[in-house]
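Raw protein.tsv, TSV, C-alpha atoms (C1' of nucleotides):
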chain	number	residue	atom	x	y	z
A	14	MET	CA	103.88	94.20	107.58
A	15	PRO	CA	107.55	94.56	108.31
A	16	GLU	CA	109.35	97.08	110.46
A	17	LEU	CA	113.08	97.34	111.02
A	18	PRO	CA	113.49	94.07	113.00
A	19	GLU	CA	111.70	92.03	110.35
A	20	VAL	CA	113.76	93.56	107.55
A	21	GLU	CA	117.00	93.09	109.49
A	22	SER	CA	116.11	89.46	110.21
A	23	LEU	CA	115.37	89.00	106.53
A	24	ARG	CA	118.71	90.56	105.61
A	25	ARG	CA	120.62	88.17	107.85
A	26	MET	CA	118.84	85.14	106.47
A	27	LEU	CA	119.28	86.19	102.86
A	28	LEU	CA	122.93	86.78	103.57
A	29	ARG	CA	123.23	83.09	104.37
A	30	SER	CA	120.97	81.80	101.60
A	31	VAL	CA	121.65	83.96	98.56
A	32	ALA	CA	124.81	86.02	99.11
A	33	GLY	CA	127.51	84.85	96.74
A	34	ARG	CA	125.00	83.25	94.41
A	35	THR	CA	124.77	84.16	90.77
A	36	ILE	CA	121.51	85.04	89.04
A	37	VAL	CA	120.79	82.65	86.21
A	38	ALA	CA	117.50	84.13	85.06
A	39	ALA	CA	114.83	86.55	86.18
A	40	ARG	CA	111.20	87.18	85.46
A	41	ILE	CA	108.65	89.81	86.31
A	42	GLY	CA	104.97	89.55	87.10
A	43	ARG	CA	102.79	92.54	87.83
A	44	LEU	CA	104.99	95.20	89.28
A	45	PRO	CA	104.41	96.92	92.59
A	46	LEU	CA	102.20	99.94	92.44
A	47	ARG	CA	103.34	103.06	90.64
A	48	ARG	CA	106.46	101.35	89.37
A	49	ARG	CA	107.50	101.30	85.77
A	50	ALA	CA	109.17	98.25	84.38
A	51	ILE	CA	112.91	98.33	84.75
A	52	PRO	CA	114.45	98.61	81.27
A	53	ASN	CA	116.36	95.52	80.21
A	54	PHE	CA	115.84	94.05	83.64
A	55	GLY	CA	116.55	90.45	82.68
A	56	ALA	CA	119.68	91.28	80.76
A	57	ARG	CA	120.91	93.59	83.47
A	58	VAL	CA	120.79	90.95	86.20
A	59	ARG	CA	121.55	87.79	84.29
A	60	GLY	CA	124.96	86.39	85.13
A	61	LYS	CA	125.45	88.88	87.97
A	62	THR	CA	126.48	87.76	91.42
A	63	ILE	CA	124.92	88.93	94.68
A	64	GLU	CA	127.80	90.52	96.52
A	65	GLY	CA	126.08	91.52	99.71
A	66	ILE	CA	122.89	92.70	101.31
A	67	ASP	CA	122.47	95.88	103.31
A	68	ARG	CA	119.57	97.47	105.14
A	69	ARG	CA	118.65	101.12	105.52
A	70	ALA	CA	115.53	101.81	107.60
A	71	LYS	CA	112.98	99.32	106.25
A	72	TYR	CA	114.70	99.08	102.87
A	73	LEU	CA	116.73	96.10	101.78
A	74	ILE	CA	119.60	96.82	99.41
A	75	ILE	CA	120.95	93.91	97.40
A	76	ARG	CA	124.33	94.65	95.86
A	77	LEU	CA	125.26	93.02	92.57
A	78	ASP	CA	128.78	92.69	91.21
A	79	SER	CA	127.66	94.68	88.18
A	80	GLY	CA	127.58	97.79	90.32
A	81	ASP	CA	123.79	97.85	90.34
A	82	ALA	CA	121.78	97.70	93.53
A	83	LEU	CA	118.31	96.26	93.97
A	84	VAL	CA	116.29	98.27	96.46
A	85	ALA	CA	113.31	96.53	98.01
A	86	HIS	CA	110.67	97.74	100.44
A	87	LEU	CA	108.06	95.25	101.60
A	88	GLY	CA	105.31	97.78	102.22
A	89	MET	CA	102.50	96.29	104.29
A	90	SER	CA	102.24	92.86	102.76
A	91	GLY	CA	105.47	92.11	100.95
A	92	SER	CA	107.84	89.22	101.42
A	93	LEU	CA	111.13	88.15	99.92
A	94	THR	CA	111.57	84.43	100.13
A	95	CYS	CA	114.06	81.89	98.97
A	96	ARG	CA	112.30	78.89	97.50
A	97	ASP	CA	114.20	75.71	97.01
A	98	VAL	CA	113.36	74.16	93.67
A	99	ASP	CA	113.75	70.63	95.02
A	100	PHE	CA	111.57	70.99	98.08
A	101	ASP	CA	109.16	73.78	97.20
A	102	SER	CA	107.73	73.33	93.79
A	103	SER	CA	105.21	76.15	94.15
A	104	GLU	CA	105.07	77.88	90.81
A	105	PHE	CA	105.59	81.51	90.00
A	106	ASP	CA	102.21	83.16	90.56
A	107	PRO	CA	102.08	86.40	88.56
A	108	LYS	CA	99.14	87.60	90.61
A	109	HIS	CA	101.31	88.34	93.65
A	110	ASP	CA	104.80	87.23	92.69
A	111	HIS	CA	106.33	90.34	91.18
A	112	ILE	CA	109.94	89.41	90.67
A	113	GLU	CA	111.70	86.08	90.64
A	114	PHE	CA	115.41	85.38	90.40
A	115	GLN	CA	116.61	81.94	89.54
A	116	LEU	CA	119.93	81.35	91.24
A	117	ASP	CA	122.80	79.05	90.40
A	118	ASN	CA	122.09	76.72	93.31
A	119	GLN	CA	118.67	75.50	92.28
A	120	SER	CA	116.84	78.04	94.37
A	121	ARG	CA	114.66	81.00	93.51
A	122	LEU	CA	114.44	84.35	95.24
A	123	VAL	CA	110.88	85.68	95.00
A	124	PHE	CA	109.48	89.10	95.79
A	125	ASN	CA	105.80	88.68	96.62
A	126	ASP	CA	103.43	91.47	97.63
A	127	PRO	CA	99.62	91.07	97.46
A	128	ARG	CA	98.77	94.66	98.35
A	129	ARG	CA	101.48	96.05	96.12
A	130	PHE	CA	102.44	98.84	98.49
A	131	GLY	CA	106.04	97.70	98.31
A	132	ILE	CA	108.73	98.86	95.95
A	133	PHE	CA	111.44	97.09	94.00
A	134	ARG	CA	113.94	99.21	92.13
A	135	MET	CA	117.27	98.82	90.46
A	136	VAL	CA	119.78	101.64	90.45
A	137	PRO	CA	123.51	102.03	89.95
A	138	ARG	CA	125.04	101.84	93.40
A	139	ARG	CA	126.61	105.27	93.18
A	140	GLU	CA	123.15	106.76	92.73
A	141	LEU	CA	121.78	105.18	95.91
A	142	ASP	CA	122.29	108.30	97.99
A	143	ASP	CA	120.20	110.29	95.55
A	144	LEU	CA	117.29	107.87	95.64
A	145	ARG	CA	114.19	109.77	96.68
A	146	GLU	CA	113.12	106.93	98.98
A	147	LEU	CA	116.41	106.88	100.89
A	148	LYS	CA	117.28	110.52	100.79
A	149	GLY	CA	115.22	112.00	103.62
A	150	LEU	CA	115.63	109.17	106.10
A	151	GLY	CA	116.65	109.99	109.64
A	152	PRO	CA	119.39	108.22	111.61
A	153	GLU	CA	119.38	104.49	112.21
A	154	PRO	CA	118.20	103.77	115.76
A	155	PHE	CA	121.45	101.96	116.58
A	156	SER	CA	123.67	104.76	115.32
A	157	PRO	CA	125.36	107.13	117.78
A	158	GLU	CA	123.44	110.06	116.28
A	159	PHE	CA	120.22	108.66	117.63
A	160	ASN	CA	120.33	109.50	121.32
A	161	ALA	CA	118.35	111.36	123.96
A	162	GLU	CA	119.75	114.76	123.01
A	163	TYR	CA	118.97	114.26	119.34
A	164	LEU	CA	115.42	113.09	120.02
A	165	ALA	CA	114.79	115.92	122.46
A	166	GLY	CA	115.91	118.37	119.80
A	167	GLN	CA	113.55	116.84	117.26
A	168	ALA	CA	110.63	116.78	119.70
A	169	ARG	CA	111.11	120.38	120.75
A	170	GLU	CA	108.20	122.66	119.85
A	171	ARG	CA	106.52	119.83	117.98
A	172	ARG	CA	102.78	119.45	118.47
A	173	VAL	CA	102.41	116.01	116.89
A	174	ALA	CA	101.69	113.00	119.06
A	175	ILE	CA	104.91	111.45	120.33
A	176	LYS	CA	103.94	108.16	118.66
A	177	ASN	CA	103.71	109.86	115.28
A	178	LEU	CA	107.08	111.48	115.83
A	179	LEU	CA	108.59	108.08	116.63
A	180	MET	CA	107.12	106.60	113.46
A	181	ASP	CA	108.29	109.51	111.32
A	182	GLN	CA	111.07	108.02	109.19
A	183	LYS	CA	112.75	111.42	108.92
A	184	ILE	CA	113.19	111.49	112.71
A	185	VAL	CA	114.40	107.93	113.20
A	186	ALA	CA	114.46	105.21	110.57
A	187	GLY	CA	112.69	101.91	111.03
A	188	VAL	CA	110.06	102.24	113.76
A	189	GLY	CA	106.57	101.26	112.65
A	190	ASN	CA	103.17	100.85	114.27
A	191	ILE	CA	103.75	97.76	116.39
A	192	TYR	CA	107.08	98.75	117.86
A	193	ALA	CA	106.03	102.37	118.46
A	194	SER	CA	103.34	101.12	120.86
A	195	GLU	CA	105.76	98.70	122.49
A	196	ILE	CA	108.48	101.31	122.93
A	197	LEU	CA	106.12	103.84	124.49
A	198	PHE	CA	104.72	101.25	126.89
A	199	ARG	CA	108.19	100.41	128.14
A	200	ALA	CA	109.08	104.10	128.34
A	201	ARG	CA	105.79	104.65	130.22
A	202	VAL	CA	104.68	107.51	127.98
A	203	ARG	CA	101.22	107.75	126.43
A	204	PRO	CA	101.18	107.62	122.61
A	205	THR	CA	98.90	110.66	122.45
A	206	ARG	CA	101.19	113.07	124.29
A	207	ARG	CA	102.33	116.06	122.23
A	208	ALA	CA	106.01	115.50	121.44
A	209	GLY	CA	107.02	118.95	122.64
A	210	ARG	CA	105.50	118.33	126.05
A	211	VAL	CA	107.30	115.08	126.76
A	212	LYS	CA	109.83	115.64	129.56
A	213	PRO	CA	113.57	115.16	129.00
A	214	ASP	CA	113.78	112.06	131.20
A	215	GLU	CA	110.84	110.56	129.33
A	216	ILE	CA	112.45	111.35	126.00
A	217	ALA	CA	115.62	109.68	127.24
A	218	ARG	CA	113.65	106.55	128.12
A	219	ILE	CA	112.01	106.54	124.69
A	220	ALA	CA	115.39	106.75	122.97
A	221	ARG	CA	116.78	103.98	125.16
A	222	PHE	CA	113.80	101.64	124.73
A	223	THR	CA	113.72	102.26	121.00
A	224	ARG	CA	117.10	100.56	120.81
A	225	ILE	CA	116.23	97.89	123.38
A	226	VAL	CA	112.90	96.88	121.85
A	227	LEU	CA	114.21	96.79	118.28
A	228	HIS	CA	117.27	94.84	119.40
A	229	ASP	CA	115.18	92.29	121.31
A	230	ALA	CA	112.86	91.95	118.33
A	231	ILE	CA	115.78	91.25	115.99
A	232	ASP	CA	116.93	88.65	118.52
A	233	GLY	CA	113.57	86.96	118.15
A	234	ARG	CA	113.69	87.23	114.36
A	235	GLY	CA	110.88	89.77	114.38
A	236	THR	CA	107.22	89.66	115.26
A	237	THR	CA	104.66	87.30	113.84
A	238	PHE	CA	101.28	88.93	114.13
A	239	ARG	CA	98.73	87.48	111.73
A	240	ASN	CA	100.74	85.48	109.21
A	241	TYR	CA	104.14	87.06	108.76
A	242	ARG	CA	106.81	84.53	107.86
A	243	ASP	CA	110.50	85.02	107.41
A	244	SER	CA	112.38	84.05	104.27
A	245	GLU	CA	112.67	80.48	105.50
A	246	GLY	CA	108.98	80.28	106.20
A	247	ARG	CA	109.39	80.46	109.96
A	248	PRO	CA	107.39	82.80	112.20
A	249	GLY	CA	109.23	85.35	114.30
A	250	THR	CA	109.06	84.91	118.06
A	251	PHE	CA	108.70	88.48	119.28
A	252	ALA	CA	104.90	88.22	119.20
A	253	ASP	CA	105.24	86.37	122.52
A	254	ARG	CA	106.91	89.39	123.98
A	255	LEU	CA	104.43	92.04	122.87
A	256	GLN	CA	103.28	93.90	125.96
A	257	VAL	CA	100.44	95.96	124.51
A	258	TYR	CA	100.04	95.63	120.74
A	259	GLY	CA	96.89	93.72	119.89
A	260	ARG	CA	95.98	93.30	123.58
A	261	GLU	CA	93.01	95.66	123.84
A	262	GLY	CA	90.91	94.82	126.89
A	263	GLU	CA	93.45	92.36	128.23
A	264	PRO	CA	95.18	93.06	131.54
A	265	CYS	CA	98.41	95.00	131.56
A	266	TYR	CA	101.25	92.63	132.47
A	267	ARG	CA	102.52	95.19	134.94
A	268	CYS	CA	99.38	96.47	136.74
A	269	ARG	CA	96.47	94.37	135.43
A	270	THR	CA	94.59	97.43	134.12
A	271	PRO	CA	92.88	96.66	130.78
A	272	ILE	CA	94.96	97.76	127.77
A	273	ARG	CA	93.31	100.42	125.66
A	274	ASN	CA	93.33	100.97	121.91
A	275	VAL	CA	93.00	104.50	120.56
A	276	VAL	CA	93.50	105.81	117.05
A	277	VAL	CA	96.48	108.15	116.76
A	278	GLY	CA	97.35	109.46	113.32
A	279	GLN	CA	94.83	106.99	111.86
A	280	ARG	CA	96.71	104.01	113.28
A	281	ALA	CA	95.70	101.70	116.12
A	282	SER	CA	97.69	102.55	119.21
A	283	PHE	CA	97.75	100.38	122.31
A	284	PHE	CA	98.66	101.56	125.79
A	285	CYS	CA	98.09	101.02	129.49
A	286	PRO	CA	96.11	103.97	130.88
A	287	ARG	CA	97.65	103.44	134.32
A	288	CYS	CA	101.32	102.76	133.57
A	289	GLN	CA	101.70	105.31	130.79
A	290	LYS	CA	101.48	108.97	131.74
B	93	DC	C1'	105.81	125.00	107.34
B	94	DA	C1'	103.69	121.66	110.53
B	95	DG	C1'	100.03	118.78	110.86
B	96	DA	C1'	95.96	116.23	109.40
B	97	DT	C1'	93.75	113.39	105.96
B	98	DA	C1'	93.02	110.73	101.85
B	99	DA	C1'	94.74	107.57	98.80
B	100	DC	C1'	97.17	103.72	97.03
B	101	DC	C1'	95.75	97.96	96.93
B	102	DT	C1'	94.22	93.16	98.32
B	103	DG	C1'	93.12	89.58	101.64
B	104	DC	C1'	91.31	87.93	105.82
B	105	DG	C1'	88.55	87.52	109.90
B	106	DT	C1'	84.01	88.56	111.91
B	107	DG	C1'	79.32	88.77	112.42
B	108	DC	C1'	74.86	88.43	110.44
C	127	DT	C1'	77.82	79.15	102.71
C	128	DG	C1'	77.65	83.97	101.35
C	129	DC	C1'	78.24	88.67	101.94
C	130	DA	C1'	79.15	93.25	103.83
C	131	DC	C1'	82.24	95.44	106.68
C	132	DG	C1'	86.26	96.60	109.18
C	133	DC	C1'	90.90	96.07	109.61
C	134	DA	C1'	95.90	95.37	108.34
C	135	DG	C1'	103.11	95.76	110.56
C	136	DG	C1'	103.70	101.71	105.11
C	137	DT	C1'	104.43	105.71	102.47
C	138	DT	C1'	103.16	109.78	99.95
C	139	DA	C1'	100.29	113.37	97.72
C	140	DT	C1'	97.35	116.86	98.90
C	141	DC	C1'	94.82	119.59	101.63
C	142	DT	C1'	94.37	123.24	105.79
Hey, can you dump this file as structure tokens for me?
Amino acid sequence: MPELPEVESLRRMLLRSVAGRTIVAARIGRLPLRRRAIPNFGARVRGKTIEGIDRRAKYLIIRLDSGDALVAHLGMSGSLTCRDVDFDSSEFDPKHDHIEFQLDNQSRLVFNDPRRFGIFRMVPRRELDDLRELKGLGPEPFSPEFNAEYLAGQARERRVAIKNLLMDQKIVAGVGNIYASEILFRARVRPTRRAGRVKPDEIARIARFTRIVLHDAIDGRGTTFRNYRDSEGRPGTFADRLQVYGREGEPCYRCRTPIRNVVVGQRASFFCPRCQK
DNA sequence: CAGATAACCTGCGTGC
DNA sequence: TGCACGCAGGTTATCT
């Protein structure tokens, strides 16, 4: 479900709600797929204080004062919510609630993930850079390394569809299926074009709109398509600003031509056949 | 090695 | 109402 803007919005909200709080107790339900139980998990987090929360690509990194870091990825269906004991009495549901932290302010931080594609790990902070999940990630879209020249270099000689290149986390970290379509619409490039054949000025537009679209989405606290909710239970507002995603058959906002939906790299990809070359 | 495909899970909306 | 089917915002293992 979440791409970079949703995870960044989550980070900012958790920073306000749980940063500085101390973990009183923790419990584990069924773990995310392919994950072994973390040894001595309860004992390792009990009494520890949440020092800060970082984001890398679509990963959330919760720093504890013990020197450990909790690394979370929401996969397709995960959420990390702060439930207030006084106002939200919903019980821990081991079917989809995988981890719960009871905090020292009467609230509970819950990692919930029905499809269990997400991950939740705990590693000493100094080992973060060696984590397999984080190791091969490309530059953050807002970093200076991610620019037109860099993207052109990565696209060179590549035969993959430009949309797949944009969603490749080794190329740039954080772009997923919704925003890839939105970025390419604004850059006026068809998702199916071979990356190596996309012209330099088009590549430059893609790099620029990658930053613009993700930034605007963070501004709107992410996209609510279906039933995504942020950690305070509110929907994001960027869904109102989607130009093509989910709009198959509806008129392009720019030229009124019906938006098309084609499968690229086994993912739905929306584009305007007239505006995007 | 680049690229394509299958697989990992569960829930929800749709149409009969 | 029930059921089969298709689809879902991600990543990774395994083929060609």
Which residues of chain C come within 12 Å of chain A, and what is each one's closest atom pair and distance in Å (one decimal), counting all atoms listed in the file, sorted by chain and residue number, as JSON lines?
{"residue": "C:DC133", "atom": "C1'", "partner": "A:Ala281", "partner_atom": "CA", "distance": 9.9}
{"residue": "C:DA134", "atom": "C1'", "partner": "A:Met89", "partner_atom": "CA", "distance": 7.8}
{"residue": "C:DG135", "atom": "C1'", "partner": "A:Met14", "partner_atom": "CA", "distance": 3.5}
{"residue": "C:DG136", "atom": "C1'", "partner": "A:Gly88", "partner_atom": "CA", "distance": 5.1}
{"residue": "C:DT137", "atom": "C1'", "partner": "A:Gly88", "partner_atom": "CA", "distance": 8.0}
{"residue": "C:DT138", "atom": "C1'", "partner": "A:Glu146", "partner_atom": "CA", "distance": 10.4}
File of the preceding selection, C-alpha atoms (C1' of nucleotides), as a tab-separated table (two decimals), in the coordinates of the input:
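Contents of part-v5.tsv, freshly written:
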chain	number	residue	atom	x	y	z
C	133	DC	C1'	90.90	96.07	109.61
C	134	DA	C1'	95.90	95.37	108.34
C	135	DG	C1'	103.11	95.76	110.56
C	136	DG	C1'	103.70	101.71	105.11
C	137	DT	C1'	104.43	105.71	102.47
C	138	DT	C1'	103.16	109.78	99.95
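Atom CA of A:Arg43 to atom CA of A:Ile132 spans 11.9 Å [interatomic distance, one decimal].
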Within 9 Å of A:Leu28 using only C-alpha atoms (C1' of nucleotides), minus same-chain residues under 5 positions, as a PyMOL selection string
chain A and resi 23+33+65-66
Please identify all polymer residues within 7 Å of A:Val123, counting all atoms listed in the file, omitting same-chain residues fewer than 5 positions from it, and present them as number ranges by chain.
A: 93-95, 110, 112-114
File dump, residues just selected, C-alpha atoms, as a compact mmCIF listing (two decimals), keeping the file's coordinate frame:
# COMPACT_ATOMS: atom_id res chain seq x y z
CA LEU A 93 111.13 88.15 99.92
CA THR A 94 111.57 84.43 100.13
CA CYS A 95 114.06 81.89 98.97
CA ASP A 110 104.80 87.23 92.69
CA ILE A 112 109.94 89.41 90.67
CA GLU A 113 111.70 86.08 90.64
CA PHE A 114 115.41 85.38 90.40
With chain B as the partner and 7 Å as the cut-off, tabulate the residues of chain A that qualify, each row holding the nearest pair of atoms and their distance in Å to one decimal, using only C-alpha atoms (C1' of nucleotides), sorted by chain and rising number, as JSON lines.
{"residue": "A:Pro127", "atom": "CA", "partner": "B:DT102", "partner_atom": "C1'", "distance": 5.9}
{"residue": "A:Arg128", "atom": "CA", "partner": "B:DC101", "partner_atom": "C1'", "distance": 4.7}
{"residue": "A:Arg129", "atom": "CA", "partner": "B:DC101", "partner_atom": "C1'", "distance": 6.1}
{"residue": "A:Phe130", "atom": "CA", "partner": "B:DC101", "partner_atom": "C1'", "distance": 6.9}
Between atom CA of A:Pro107 and atom CA of A:Asp78, what distance in Å does the model show, to one decimal?
27.6 Å
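Counting only C-alpha atoms and comparing A:Arg68, A:Asn274, A:Val84, A:Asn125, the residue that lies closest to A:Arg96 is A:Asn125.
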What is the distance, in Å and to one decimal place, between atom CA of A:Arg287 and atom CA of A:Val185?
27.3 Å
Can you tell me which residues surround stretch 259-264 of chain A at a distance of at most 10 Å, considering only C-alpha atoms (C1' of nucleotides), apart from same-chain residues fewer than 3 positions away, and format the answer as an MDAnalysis selection string?
chainID A and resid 191 194 238 252 255:256 267:275 281:285
